[in-house]
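Enquirer: Right, I'll just put the structure down here and ask away after.
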Amino acid sequence: MRTNDPSMKMNEPIKNERIKVEVIYALPSEQILLSVGVPRGCTVEEAVKISGILEKHPDINLSVNKVGIFSKLSKLDTVVRERDRIEIYRPLIADPKEVRRKRAEEGKVMKKGGGDA
């Protein structure tokens with residue numbers, strides 16, 4: 001579908017070319033996976049908006065919720081690639097360090113082994 005126009009660069013995307021990506025959001029009771037077609041060169045933020053997930057889940061706030069691609073934190077202005085899985089992360093309910101500290105304190109009170117077998 002590329003033309004022989006010499007003004008076109010070799011790696012320049014074709015106008016209106018679309019790629020498929022997935023947008024994922026997990027709640028405790030439900031996991032949402034949306035496959036969407038987005039324009040090549042679009043950003044994570046644009047892909048999330050195109051997916052329509054923000055309308056279905058108004059609790060998502062892209063200025064608060066972190067996002068990632070395949071479990072790697074990403075910025076909203078990251079350009080997505082074909083078959084990327086964009087994940088929208090919910091805020092943590094508890095600080096993991098605090099939870100580990102409390103668990104360690106409880107372990108010190110218990111006998112070694114943590115209880116009955």
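Order determines the names: the first chain of the structure tokens is A, the second B, and so forth; residues in each chain are numbered 1 upward, and ligands are numbered 1 upward as they are shown.
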Once you count only C-alpha atoms, what closest atom pair and distance in Å to one decimal does each residue of segment 16-60 of chain A within 9 Å of segment 77-87 of chain A have, with rows by chain and rising residue number, as JSON lines?
Expert:
{"residue": "A:Arg18", "atom": "CA", "partner": "A:Glu82", "partner_atom": "CA", "distance": 8.8}
{"residue": "A:Ile19", "atom": "CA", "partner": "A:Glu82", "partner_atom": "CA", "distance": 5.2}
{"residue": "A:Lys20", "atom": "CA", "partner": "A:Arg83", "partner_atom": "CA", "distance": 5.5}
{"residue": "A:Val21", "atom": "CA", "partner": "A:Arg83", "partner_atom": "CA", "distance": 4.6}
{"residue": "A:Glu22", "atom": "CA", "partner": "A:Arg85", "partner_atom": "CA", "distance": 4.7}
{"residue": "A:Val23", "atom": "CA", "partner": "A:Ile86", "partner_atom": "CA", "distance": 4.8}
{"residue": "A:Ile24", "atom": "CA", "partner": "A:Glu87", "partner_atom": "CA", "distance": 4.7}
{"residue": "A:Tyr25", "atom": "CA", "partner": "A:Glu87", "partner_atom": "CA", "distance": 6.1}
{"residue": "A:Ala26", "atom": "CA", "partner": "A:Glu87", "partner_atom": "CA", "distance": 8.6}
{"residue": "A:Arg40", "atom": "CA", "partner": "A:Arg81", "partner_atom": "CA", "distance": 7.4}
{"residue": "A:Gly41", "atom": "CA", "partner": "A:Val79", "partner_atom": "CA", "distance": 5.8}
{"residue": "A:Cys42", "atom": "CA", "partner": "A:Val79", "partner_atom": "CA", "distance": 5.6}
{"residue": "A:Thr43", "atom": "CA", "partner": "A:Val79", "partner_atom": "CA", "distance": 4.2}
{"residue": "A:Val44", "atom": "CA", "partner": "A:Thr78", "partner_atom": "CA", "distance": 5.7}
{"residue": "A:Glu45", "atom": "CA", "partner": "A:Asp77", "partner_atom": "CA", "distance": 6.5}
{"residue": "A:Glu46", "atom": "CA", "partner": "A:Asp77", "partner_atom": "CA", "distance": 8.5}
{"residue": "A:Ala47", "atom": "CA", "partner": "A:Val80", "partner_atom": "CA", "distance": 8.0}
{"residue": "A:Val48", "atom": "CA", "partner": "A:Ile86", "partner_atom": "CA", "distance": 7.9}
Enquirer: Enumerate, as a PyMOL selection string, the complete set of residues in segment 5-103 of chain A that a backbone-based DSSP assignment places in alpha helix (DSSP H).
Expert: chain A and resi 44-51+53-56+96-103
Enquirer: Calculated over only C-alpha atoms, which of the candidates A:Lys102, A:Ile88, A:Lys56, A:Ser51 has the smallest distance to Ile69 of chain A?
Expert: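 Nearest candidate to Ile69 of chain A out of A:Lys102, A:Ile88, A:Lys56, A:Ser51: A:Ile88.
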Enquirer: Suppose you want the space between atom CA of His57 of chain A and atom CA of Ile93 of chain A; what is it in Å?
Expert: 18.2 Å
Enquirer: Take atom CA of Glu55 of chain A and atom CA of Asp95 of chain A and report the distance between them in Å, one decimal.
Expert: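 Between atom CA of Glu55 of chain A and atom CA of Asp95 of chain A the gap works out to 28.9 Å.
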Enquirer: Could you please write out, as a PDB file with N, CA and C atoms, in the first residue's frame, every residue of segment 30-76 of chain A that DSSP assigns to strand (DSSP E)?
Expert:
ATOM      1  N   GLN A  31     -12.540  -8.327  35.268  1.00  0.00           N
ATOM      2  CA  GLN A  31     -11.392  -7.946  34.460  1.00  0.00           C
ATOM      3  C   GLN A  31     -11.908  -7.519  33.091  1.00  0.00           C
ATOM      4  N   ILE A  32     -11.506  -6.354  32.641  1.00  0.00           N
ATOM      5  CA  ILE A  32     -11.960  -5.821  31.361  1.00  0.00           C
ATOM      6  C   ILE A  32     -10.795  -5.886  30.383  1.00  0.00           C
ATOM      7  N   LEU A  33     -11.027  -6.512  29.240  1.00  0.00           N
ATOM      8  CA  LEU A  33     -10.025  -6.581  28.180  1.00  0.00           C
ATOM      9  C   LEU A  33     -10.708  -6.114  26.908  1.00  0.00           C
ATOM     10  N   LEU A  34     -10.237  -5.016  26.352  1.00  0.00           N
ATOM     11  CA  LEU A  34     -10.817  -4.464  25.138  1.00  0.00           C
ATOM     12  C   LEU A  34      -9.782  -4.487  24.020  1.00  0.00           C
ATOM     13  N   SER A  35     -10.118  -5.097  22.898  1.00  0.00           N
ATOM     14  CA  SER A  35      -9.259  -5.053  21.719  1.00  0.00           C
ATOM     15  C   SER A  35      -9.746  -3.907  20.852  1.00  0.00           C
ATOM     16  N   VAL A  36      -8.832  -3.016  20.506  1.00  0.00           N
ATOM     17  CA  VAL A  36      -9.218  -1.845  19.722  1.00  0.00           C
ATOM     18  C   VAL A  36      -8.224  -1.595  18.591  1.00  0.00           C
ATOM     19  N   GLY A  37      -8.728  -1.020  17.530  1.00  0.00           N
ATOM     20  CA  GLY A  37      -7.888  -0.570  16.433  1.00  0.00           C
ATOM     21  C   GLY A  37      -7.612   0.907  16.621  1.00  0.00           C
ATOM     22  N   VAL A  38      -6.347   1.275  16.581  1.00  0.00           N
ATOM     23  CA  VAL A  38      -5.958   2.674  16.779  1.00  0.00           C
ATOM     24  C   VAL A  38      -5.045   3.096  15.636  1.00  0.00           C
ATOM     25  N   PRO A  39      -4.968   4.389  15.367  1.00  0.00           N
ATOM     26  CA  PRO A  39      -4.059   4.846  14.311  1.00  0.00           C
ATOM     27  C   PRO A  39      -2.604   4.577  14.695  1.00  0.00           C
ATOM     28  N   VAL A  67      -0.172   3.712  34.277  1.00  0.00           N
ATOM     29  CA  VAL A  67      -0.410   2.831  33.138  1.00  0.00           C
ATOM     30  C   VAL A  67       0.893   2.123  32.784  1.00  0.00           C
ATOM     31  N   GLY A  68       0.742   1.012  32.082  1.00  0.00           N
ATOM     32  CA  GLY A  68       1.913   0.269  31.648  1.00  0.00           C
ATOM     33  C   GLY A  68       1.619  -0.492  30.375  1.00  0.00           C
ATOM     34  N   ILE A  69       2.683  -0.987  29.767  1.00  0.00           N
ATOM     35  CA  ILE A  69       2.572  -1.853  28.600  1.00  0.00           C
ATOM     36  C   ILE A  69       3.273  -3.149  28.972  1.00  0.00           C
ATOM     37  N   LYS A  72       5.107  -3.170  32.338  1.00  0.00           N
ATOM     38  CA  LYS A  72       6.202  -2.206  32.500  1.00  0.00           C
ATOM     39  C   LYS A  72       5.603  -0.806  32.518  1.00  0.00           C
ATOM     40  N   LEU A  73       5.840  -0.067  33.608  1.00  0.00           N
ATOM     41  CA  LEU A  73       5.281   1.283  33.715  1.00  0.00           C
ATOM     42  C   LEU A  73       5.648   2.107  32.491  1.00  0.00           C
ATOM     43  N   SER A  74       4.653   2.837  31.986  1.00  0.00           N
ATOM     44  CA  SER A  74       4.846   3.673  30.804  1.00  0.00           C
ATOM     45  C   SER A  74       4.233   5.038  31.051  1.00  0.00           C
TER      46      SER A  74
END
Enquirer: State, in Å with one decimal place, the distance from atom CA of Pro28 of chain A to atom CA of Glu106 of chain A.
Expert: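 Atom CA of Glu106 of chain A lies 26.4 Å from atom CA of Pro28 of chain A.
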